[in-house]
$ cat final.cif   # mmCIF, C-alpha atoms
data_run
#
loop_
_atom_site.label_atom_id
_atom_site.label_comp_id
_atom_site.auth_asym_id
_atom_site.auth_seq_id
_atom_site.Cartn_x
_atom_site.Cartn_y
_atom_site.Cartn_z
CA MET A 210 126.31 45.99 104.67
CA LYS A 211 124.64 48.95 106.39
CA LEU A 212 122.47 47.71 109.27
CA ALA A 213 119.82 49.82 110.97
CA ILE A 214 117.14 49.02 113.53
CA ARG A 215 113.62 50.26 114.08
CA GLU A 216 113.31 52.89 116.80
CA GLY A 217 110.68 51.03 118.84
CA MET A 218 112.96 48.02 119.27
CA VAL A 219 115.68 50.03 120.99
CA PRO A 220 115.86 50.43 124.79
CA GLY A 221 116.15 53.96 126.14
CA ARG A 222 113.99 56.86 127.29
CA THR A 223 115.41 59.41 124.87
CA LEU A 224 116.70 59.39 121.31
CA PRO A 225 120.33 60.04 122.40
CA GLU A 226 120.11 57.07 124.78
CA ARG A 227 118.79 54.89 121.96
CA LEU A 228 121.52 56.01 119.57
CA THR A 229 124.15 55.15 122.18
CA TRP A 230 122.62 51.68 122.54
CA ILE A 231 122.63 51.20 118.76
CA GLU A 232 126.31 52.13 118.65
CA ARG A 233 127.05 49.58 121.40
CA ALA A 234 125.13 46.96 119.40
CA GLY A 235 127.41 47.57 116.43
CA LEU A 236 124.78 48.93 114.06
CA GLN A 237 125.10 52.02 111.89
CA GLY A 238 121.57 53.37 111.62
CA ILE A 239 118.09 53.89 113.03
CA GLU A 240 114.66 53.93 111.40
CA LEU A 241 112.50 56.57 113.06
CA HIS A 242 108.81 55.88 113.50
CA GLY A 243 107.88 56.68 117.09
CA ASP A 244 108.39 59.30 119.78
CA ALA A 245 111.47 60.79 118.15
CA LEU A 246 109.38 62.11 115.28
CA GLY A 247 107.60 64.34 117.78
CA LEU A 248 110.84 66.21 118.47
CA PRO A 249 111.41 69.59 116.80
CA ALA A 250 113.48 69.35 113.63
CA ASP A 251 116.22 71.47 115.21
CA ASP A 252 116.54 68.97 118.06
CA LEU A 253 116.83 66.07 115.64
CA ARG A 254 119.51 67.89 113.67
CA ALA A 255 121.51 68.54 116.84
CA ILE A 256 121.18 64.96 118.10
CA PHE A 257 122.33 63.34 114.86
CA ALA A 258 125.12 65.88 114.43
CA VAL A 259 126.96 64.46 117.45
CA SER A 260 126.21 60.75 116.95
CA PRO A 261 127.97 58.27 114.68
CA VAL A 262 124.59 56.55 114.19
CA GLN A 263 122.91 57.67 110.99
CA LEU A 264 119.28 58.22 110.14
CA ALA A 265 118.44 55.40 107.71
CA SER A 266 114.76 56.10 107.09
CA ILE A 267 111.65 57.76 108.44
CA ASP A 268 108.17 56.27 108.69
CA GLY A 269 105.59 58.23 106.72
CA GLY A 270 102.52 57.13 108.64
CA VAL A 271 99.14 56.30 107.14
CA GLY A 272 96.19 58.20 105.74
CA LEU A 273 96.95 58.72 102.06
CA LEU A 274 93.91 56.62 101.09
CA ASP A 275 91.49 57.81 103.74
CA ALA A 276 87.94 58.59 102.60
CA ASP A 277 88.18 62.01 104.27
CA PRO A 278 90.00 64.54 102.05
CA ALA A 279 91.24 66.41 105.13
CA VAL A 280 92.92 63.26 106.45
CA ARG A 281 94.51 62.62 103.05
CA ALA A 282 95.79 66.20 102.89
CA ALA A 283 97.26 65.93 106.38
CA ALA A 284 98.98 62.65 105.46
CA ARG A 285 100.40 64.24 102.33
CA ASP A 286 101.73 67.24 104.26
CA ARG A 287 103.26 64.98 106.94
CA ILE A 288 105.06 62.85 104.36
CA ALA A 289 106.27 65.95 102.51
CA ALA A 290 107.72 67.36 105.74
CA ARG A 291 109.40 64.05 106.53
CA LEU A 292 110.88 63.87 103.04
CA ALA A 293 112.43 67.29 103.59
CA LEU A 294 113.80 66.17 106.96
CA ALA A 295 115.12 62.91 105.49
CA GLY A 296 116.93 64.81 102.78
CA GLU A 297 118.46 67.27 105.21
CA LEU A 298 119.67 64.56 107.60
CA GLY A 299 120.93 62.23 104.88
CA ALA A 300 118.32 59.50 105.25
CA ALA A 301 117.60 57.32 102.25
CA GLY A 302 113.89 58.06 102.31
CA VAL A 303 110.44 57.85 103.82
CA LEU A 304 108.62 54.55 104.19
CA VAL A 305 105.02 54.48 102.98
CA VAL A 306 102.62 51.62 103.73
CA PRO A 307 99.98 52.02 100.99
CA GLN A 308 97.12 50.72 103.17
CA PHE A 309 96.21 48.41 106.02
CA GLY A 310 93.32 46.00 105.89
CA ARG A 311 92.39 42.90 103.91
CA VAL A 312 89.63 44.59 101.91
CA PRO A 313 89.21 48.09 100.47
CA ALA A 314 88.05 50.75 102.91
CA LEU A 315 86.54 52.78 100.08
CA PRO A 316 83.12 51.75 98.71
CA ASP A 317 82.56 49.56 95.67
CA LEU A 318 81.07 51.88 93.04
CA ALA A 319 80.56 49.21 90.37
CA PRO A 320 80.08 49.44 87.47
CA VAL A 321 81.96 52.77 87.59
CA SER A 322 84.84 51.66 89.81
CA SER A 323 85.63 49.10 92.48
CA GLY A 324 86.93 50.07 95.90
CA ALA A 325 90.28 48.49 95.02
CA ASP A 326 90.55 50.52 91.80
CA LEU A 327 89.67 53.70 93.67
CA GLU A 328 92.36 53.06 96.28
CA ARG A 329 95.00 52.28 93.65
CA ALA A 330 94.12 55.47 91.74
CA LEU A 331 94.27 57.51 94.95
CA LEU A 332 97.67 56.05 95.82
CA LEU A 333 99.07 56.88 92.40
CA ALA A 334 97.68 60.42 92.60
CA ALA A 335 99.27 60.93 96.02
CA LEU A 336 102.62 59.56 94.86
CA ARG A 337 102.61 61.78 91.77
CA ASP A 338 101.94 64.76 94.00
CA LEU A 339 104.78 63.83 96.35
CA ALA A 340 107.32 62.89 93.69
CA PRO A 341 108.52 66.49 93.12
CA VAL A 342 108.94 66.91 96.87
CA ALA A 343 111.03 63.73 96.99
CA HIS A 344 113.09 64.90 94.02
CA ALA A 345 113.81 68.26 95.66
CA SER A 346 114.78 66.63 98.96
CA GLY A 347 117.03 63.97 97.47
CA ALA A 348 115.19 61.31 99.48
CA ARG A 349 112.96 58.60 98.08
CA LEU A 350 109.54 57.22 98.92
CA PHE A 351 109.63 53.51 99.81
CA LEU A 352 106.48 51.45 99.19
CA GLU A 353 106.38 48.54 101.64
CA PRO A 354 104.59 45.40 100.46
CA LEU A 355 102.80 43.69 103.34
CA ASN A 356 101.50 40.14 103.52
CA ARG A 357 97.87 39.28 102.72
CA TYR A 358 96.90 39.12 106.40
CA GLU A 359 97.79 42.79 106.89
CA ALA A 360 96.97 44.41 103.55
CA TYR A 361 95.65 43.67 100.09
CA LEU A 362 96.80 46.42 97.71
CA VAL A 363 100.56 45.77 97.64
CA ASN A 364 101.59 42.30 98.81
CA ARG A 365 104.50 41.40 96.55
CA VAL A 366 107.70 43.12 95.49
CA ALA A 367 106.60 43.12 91.85
CA GLN A 368 103.41 45.00 92.75
CA GLY A 369 105.40 47.66 94.55
CA ALA A 370 107.87 47.90 91.68
CA THR A 371 105.05 48.27 89.14
CA LEU A 372 103.51 51.15 91.07
CA ALA A 373 106.91 52.79 91.47
CA ALA A 374 107.58 52.50 87.75
CA GLU A 375 104.35 54.40 87.02
CA ILE A 376 105.69 57.39 88.97
CA GLY A 377 109.43 57.62 88.40
CA PRO A 378 112.78 57.28 90.17
CA GLU A 379 111.53 59.20 93.22
CA VAL A 380 109.53 56.13 94.27
CA GLY A 381 110.88 52.68 94.99
CA THR A 382 109.74 49.51 96.68
CA MET A 383 111.00 47.48 99.60
CA ALA A 384 111.99 43.86 100.01
CA ASP A 385 110.93 42.66 103.47
CA PHE A 386 112.08 39.10 104.11
CA PHE A 387 109.26 38.33 106.56
CA HIS A 388 106.53 39.41 104.15
CA MET A 389 108.30 37.84 101.15
CA ASN A 390 108.40 34.54 103.04
CA ILE A 391 104.59 34.56 103.01
CA GLU A 392 103.82 36.10 99.63
CA GLU A 393 106.59 35.22 97.19
CA ALA A 394 106.89 31.85 95.48
CA ASP A 395 110.65 32.37 95.21
CA ILE A 396 112.38 35.14 97.20
CA PRO A 397 115.49 35.45 95.00
CA ASP A 398 113.34 35.63 91.86
CA ALA A 399 111.11 38.27 93.46
CA ILE A 400 114.21 40.34 94.21
CA ARG A 401 115.49 39.98 90.66
CA VAL A 402 112.11 41.07 89.29
CA GLY A 403 112.11 44.10 91.60
CA GLY A 404 115.60 44.97 90.39
CA GLU A 405 116.68 48.58 90.71
CA ARG A 406 113.25 49.52 92.09
CA ILE A 407 114.22 47.87 95.41
CA VAL A 408 115.57 50.74 97.48
CA HIS A 409 115.24 49.45 101.06
CA VAL A 410 115.30 46.06 102.78
CA HIS A 411 113.79 44.85 106.06
CA LEU A 412 115.12 41.86 107.94
CA ALA A 413 113.08 39.51 110.11
CA ASP A 414 113.00 35.74 110.17
CA SER A 415 110.11 33.43 109.28
CA ASN A 416 108.70 33.63 112.83
CA ARG A 417 109.16 37.43 113.03
CA LEU A 418 112.08 36.98 115.43
CA GLN A 419 115.55 38.37 114.81
CA PRO A 420 117.23 37.00 111.66
CA GLY A 421 118.80 33.65 112.44
CA ARG A 422 116.03 32.44 114.78
CA GLY A 423 113.77 31.00 112.08
CA HIS A 424 114.10 28.99 108.88
CA LEU A 425 114.50 31.72 106.23
CA ASP A 426 117.24 31.29 103.63
CA PHE A 427 118.84 34.73 103.77
CA ALA A 428 121.89 33.59 101.80
CA SER A 429 120.01 33.11 98.52
CA GLY A 430 118.15 36.39 99.00
CA PHE A 431 121.40 38.23 99.68
CA ALA A 432 122.95 36.71 96.55
CA ALA A 433 120.01 38.05 94.51
CA LEU A 434 120.39 41.49 96.11
CA LYS A 435 124.04 41.51 95.10
CA GLU A 436 123.03 40.51 91.57
CA ILE A 437 120.83 43.59 91.23
CA GLY A 438 123.54 45.81 92.71
CA TYR A 439 121.71 46.64 95.94
CA ASP A 440 123.80 48.86 98.22
CA GLY A 441 121.19 50.41 100.52
CA TRP A 442 120.18 49.94 104.13
CA PHE A 443 119.08 46.73 105.83
CA GLY A 444 116.63 47.54 108.61
CA ILE A 445 116.11 45.02 111.41
CA GLU A 446 112.37 45.02 112.13
CA CYS A 447 111.25 42.13 114.31
CA ARG A 448 110.63 40.83 117.81
CA LEU A 449 113.75 40.05 119.83
CA GLU A 450 114.26 36.80 121.70
CA GLY A 451 116.72 36.87 124.59
CA ASP A 452 118.75 39.79 125.91
CA PRO A 453 118.12 42.60 123.38
CA LEU A 454 121.74 43.72 123.08
CA GLU A 455 123.12 40.22 122.64
CA ALA A 456 120.26 39.26 120.33
CA VAL A 457 120.98 42.17 118.00
CA ARG A 458 124.74 41.66 118.08
CA GLU A 459 124.40 37.95 117.32
CA SER A 460 121.91 38.54 114.51
CA ALA A 461 123.96 41.35 112.99
CA ALA A 462 127.08 39.17 112.96
CA ARG A 463 125.16 36.37 111.29
CA MET A 464 123.71 38.67 108.62
CA ARG A 465 127.08 40.28 107.90
CA GLY A 466 128.67 36.86 107.55
CA LEU A 467 126.03 35.69 105.09
CA TRP A 468 126.27 38.95 103.11
CA ALA A 469 130.05 38.69 102.88
CA VAL A 470 129.93 35.28 101.21
CA ALA A 471 126.73 35.74 99.16
#
$ encode --input "final.cif" --output "structure tokens"
Amino acid sequence: MKLAIREGMVPGRTLPERLTWIERAGLQGIELHGDALGLPADDLRAIFAVSPVQLASIDGGVGLLDADPAVRAAARDRIAARLALAGELGAAGVLVVPQFGRVPALPDLAPVSSGADLERALLLAALRDLAPVAHASGARLFLEPLNRYEAYLVNRVAQGATLAAEIGPEVGTMADFFHMNIEEADIPDAIRVGGERIVHVHLADSNRLQPGRGHLDFASGFAALKEIGYDGWFGIECRLEGDPLEAVRESAARMRGLWAVA
């Protein structure tokens, strides 16, 4: 079980300090999404070259579905650059949140097209454009389903898997236990339906605290992940209760124990 943690959860003023903390916590990876992505690529290469902590994934940011073509182009270029960096540094891929918001931001052009249809078509067009970049880099694009209170376009694993299947192997979907707890009728079944399209997993408990502090049944979800042959990263993405270092160590030990017997 390869465990990573989201950059913003880690104490430290600099990326090297954060990587040292992650090593002390007993984790193997980090998911970059914050200040570290402002560092020059050469600096990131040098930092990871001397750390045992690996780069698990990179956040792609938002903007692919913006109404402004310039914003969409900038988002596309940013994701392309991060795919190249992910490939060079050995990360599994770049995380893409299709959209935020409970309703479409684009206008309803009925009877020609609804706002939702426009946004789905835009997303597919952007992913098709980025797929060759992902293929060349060796890193994948991860679509992250979010719960209905945060987004509307991709809420369930099956929706992410369906979109990914329309593009090709360069695009996969994520299984986030917190969001699945809200959206899926049966978490193990949702994982089985996602199958090989699931290329990244996020861990948080039912109350968005560290795994083990809520009521989620991780054991059955882990068993389903083993059924589909999942061998990728597990990213801890949550709020931490208690001393951060002890909270992460305790949660990691619990998750590894459940994975071992799943």
$ closest_atom_pairs --input "final.cif" --of "segment 233-304 of chain A" --to "segment 424-445 of chain A" --cutoff "12 Å" --atoms "all atoms listed in the file" --output "JSON lines"
{"residue": "A:Leu236", "atom": "CA", "partner": "A:Ile445", "partner_atom": "CA", "distance": 9.9}
{"residue": "A:Gln237", "atom": "CA", "partner": "A:Trp442", "partner_atom": "CA", "distance": 9.4}
{"residue": "A:Gly238", "atom": "CA", "partner": "A:Gly444", "partner_atom": "CA", "distance": 8.2}
{"residue": "A:Ile239", "atom": "CA", "partner": "A:Gly444", "partner_atom": "CA", "distance": 7.9}
{"residue": "A:Glu240", "atom": "CA", "partner": "A:Gly444", "partner_atom": "CA", "distance": 7.2}
{"residue": "A:Leu241", "atom": "CA", "partner": "A:Gly444", "partner_atom": "CA", "distance": 10.9}
{"residue": "A:Gln263", "atom": "CA", "partner": "A:Trp442", "partner_atom": "CA", "distance": 10.7}
{"residue": "A:Leu264", "atom": "CA", "partner": "A:Trp442", "partner_atom": "CA", "distance": 10.3}
{"residue": "A:Ala265", "atom": "CA", "partner": "A:Trp442", "partner_atom": "CA", "distance": 6.8}
{"residue": "A:Ser266", "atom": "CA", "partner": "A:Trp442", "partner_atom": "CA", "distance": 8.7}
{"residue": "A:Ile267", "atom": "CA", "partner": "A:Gly444", "partner_atom": "CA", "distance": 11.4}
{"residue": "A:Ala300", "atom": "CA", "partner": "A:Trp442", "partner_atom": "CA", "distance": 9.8}
{"residue": "A:Ala301", "atom": "CA", "partner": "A:Gly441", "partner_atom": "CA", "distance": 8.0}
{"residue": "A:Gly302", "atom": "CA", "partner": "A:Trp442", "partner_atom": "CA", "distance": 10.4}
{"residue": "A:Leu304", "atom": "CA", "partner": "A:Gly444", "partner_atom": "CA", "distance": 11.5}
$ resolve_selection --input "final.cif" --expression "the PyMOL selection byres ((chain A and resi 415) around 7)" --output "NGL selection string"
:A and (387 or 390 or 413-414 or 416-417 or 423-425)
$ resolve_selection --input "final.cif" --expression "the PyMOL selection byres ((chain A and resi 244) around 12)" --output "PyMOL selection string"
chain A and resi 215-217+219+221-224+227+240-243+245-249+253+267-268
$ atom_distance --input "final.cif" --atom1 "atom CA of His388 of chain A" --atom2 "atom CA of Gly310 of chain A"
14.9 Å
$ resolve_selection --input "final.cif" --expression "the PyMOL selection byres ((chain A and resi 392) around 7)" --output "PDB file with C-alpha atoms, keeping the file's coordinate frame"
ATOM      1  CA  ASN A 356     101.500  40.140 103.520  1.00  0.00           C
ATOM      2  CA  ASN A 364     101.590  42.300  98.810  1.00  0.00           C
ATOM      3  CA  ARG A 365     104.500  41.400  96.550  1.00  0.00           C
ATOM      4  CA  HIS A 388     106.530  39.410 104.150  1.00  0.00           C
ATOM      5  CA  MET A 389     108.300  37.840 101.150  1.00  0.00           C
ATOM      6  CA  ASN A 390     108.400  34.540 103.040  1.00  0.00           C
ATOM      7  CA  ILE A 391     104.590  34.560 103.010  1.00  0.00           C
ATOM      8  CA  GLU A 393     106.590  35.220  97.190  1.00  0.00           C
ATOM      9  CA  ALA A 394     106.890  31.850  95.480  1.00  0.00           C
TER      10      ALA A 394
END
$ residues_around --input "final.cif" --residues "segment 318-324 of chain A" --least-positions-apart "4" --cutoff "12 Å" --atoms "all atoms listed in the file" --output "PDB file with C-alpha atoms, in the coordinates of the input"
ATOM      1  CA  LEU A 274      93.910  56.620 101.090  1.00  0.00           C
ATOM      2  CA  ASP A 275      91.490  57.810 103.740  1.00  0.00           C
ATOM      3  CA  ALA A 276      87.940  58.590 102.600  1.00  0.00           C
ATOM      4  CA  VAL A 312      89.630  44.590 101.910  1.00  0.00           C
ATOM      5  CA  PRO A 313      89.210  48.090 100.470  1.00  0.00           C
ATOM      6  CA  ALA A 314      88.050  50.750 102.910  1.00  0.00           C
ATOM      7  CA  GLU A 328      92.360  53.060  96.280  1.00  0.00           C
ATOM      8  CA  ARG A 329      95.000  52.280  93.650  1.00  0.00           C
ATOM      9  CA  ALA A 330      94.120  55.470  91.740  1.00  0.00           C
ATOM     10  CA  LEU A 331      94.270  57.510  94.950  1.00  0.00           C
ATOM     11  CA  TYR A 361      95.650  43.670 100.090  1.00  0.00           C
ATOM     12  CA  LEU A 362      96.800  46.420  97.710  1.00  0.00           C
TER      13      LEU A 362
END
$ closest_residue --input "final.cif" --among "A:Asp385, A:Asp317, A:Asp395, A:Asp252" --to "Val408 of chain A" --atoms "all atoms listed in the file"
A:Asp385
$ atom_distance --input "final.cif" --atom1 "atom CA of Ala343 of chain A" --atom2 "atom CA of Leu298 of chain A"
13.7 Å
$ atom_distance --input "final.cif" --atom1 "atom CA of Pro220 of chain A" --atom2 "atom CA of Cys447 of chain A"
14.1 Å
$ closest_residue --input "final.cif" --among "A:Val457, A:Leu228, A:Leu372, A:Val303" --to "Leu332 of chain A" --atoms "all atoms listed in the file"
A:Leu372
$ closest_residue --input "final.cif" --among "A:Glu455, A:Asp286, A:Glu226, A:Glu405" --to "Val262 of chain A" --atoms "all atoms listed in the file"
A:Glu226
$ closest_residue --input "final.cif" --among "A:Ala295, A:Leu212, A:Ala345, A:Ala234" --to "Ala456 of chain A" --atoms "only C-alpha atoms"
A:Ala234
$ residues_around --input "final.cif" --residues "Ala282 of chain A" --least-positions-apart "4" --cutoff "12 Å" --atoms "all atoms listed in the file" --output "list in words"
Val271, Gly272, Leu273, Leu274, Asp275, Ala276, Asp277, Pro278, Asp286, Arg287, Ile288, Ala289, Leu331, Ala334, Ala335, Asp338 and Leu339 of chain A
$ write_last_selection --input "final.cif" --atoms "C-alpha atoms" --output "mmCIF file, in the frame of the given file"
data_model
loop_
_atom_site.group_PDB
_atom_site.id
_atom_site.type_symbol
_atom_site.label_atom_id
_atom_site.label_comp_id
_atom_site.auth_asym_id
_atom_site.auth_seq_id
_atom_site.Cartn_x
_atom_site.Cartn_y
_atom_site.Cartn_z
ATOM 1 C CA VAL A 271 99.140 56.300 107.140
ATOM 2 C CA GLY A 272 96.190 58.200 105.740
ATOM 3 C CA LEU A 273 96.950 58.720 102.060
ATOM 4 C CA LEU A 274 93.910 56.620 101.090
ATOM 5 C CA ASP A 275 91.490 57.810 103.740
ATOM 6 C CA ALA A 276 87.940 58.590 102.600
ATOM 7 C CA ASP A 277 88.180 62.010 104.270
ATOM 8 C CA PRO A 278 90.000 64.540 102.050
ATOM 9 C CA ASP A 286 101.730 67.240 104.260
ATOM 10 C CA ARG A 287 103.260 64.980 106.940
ATOM 11 C CA ILE A 288 105.060 62.850 104.360
ATOM 12 C CA ALA A 289 106.270 65.950 102.510
ATOM 13 C CA LEU A 331 94.270 57.510 94.950
ATOM 14 C CA ALA A 334 97.680 60.420 92.600
ATOM 15 C CA ALA A 335 99.270 60.930 96.020
ATOM 16 C CA ASP A 338 101.940 64.760 94.000
ATOM 17 C CA LEU A 339 104.780 63.830 96.350
#
$ closest_residue --input "final.cif" --among "A:Leu350, A:Ala284, A:Ile256, A:Leu355" --to "His409 of chain A" --atoms "all atoms listed in the file"
A:Leu350
$ axis_aligned_box --input "final.cif" --around "segment 362-381 of chain A" --padding-each-side "3 Å" --output "lines of an AutoDock Vina configuration file"
center_x = 104.8
center_y = 50.3
center_z = 92.9
size_x = 22.0
size_y = 23.8
size_z = 17.8
$ closest_residue --input "final.cif" --among "A:Glu297, A:Ala279, A:Ile214, A:Gly269" --to "Asp251 of chain A" --atoms "all atoms listed in the file"
A:Glu297
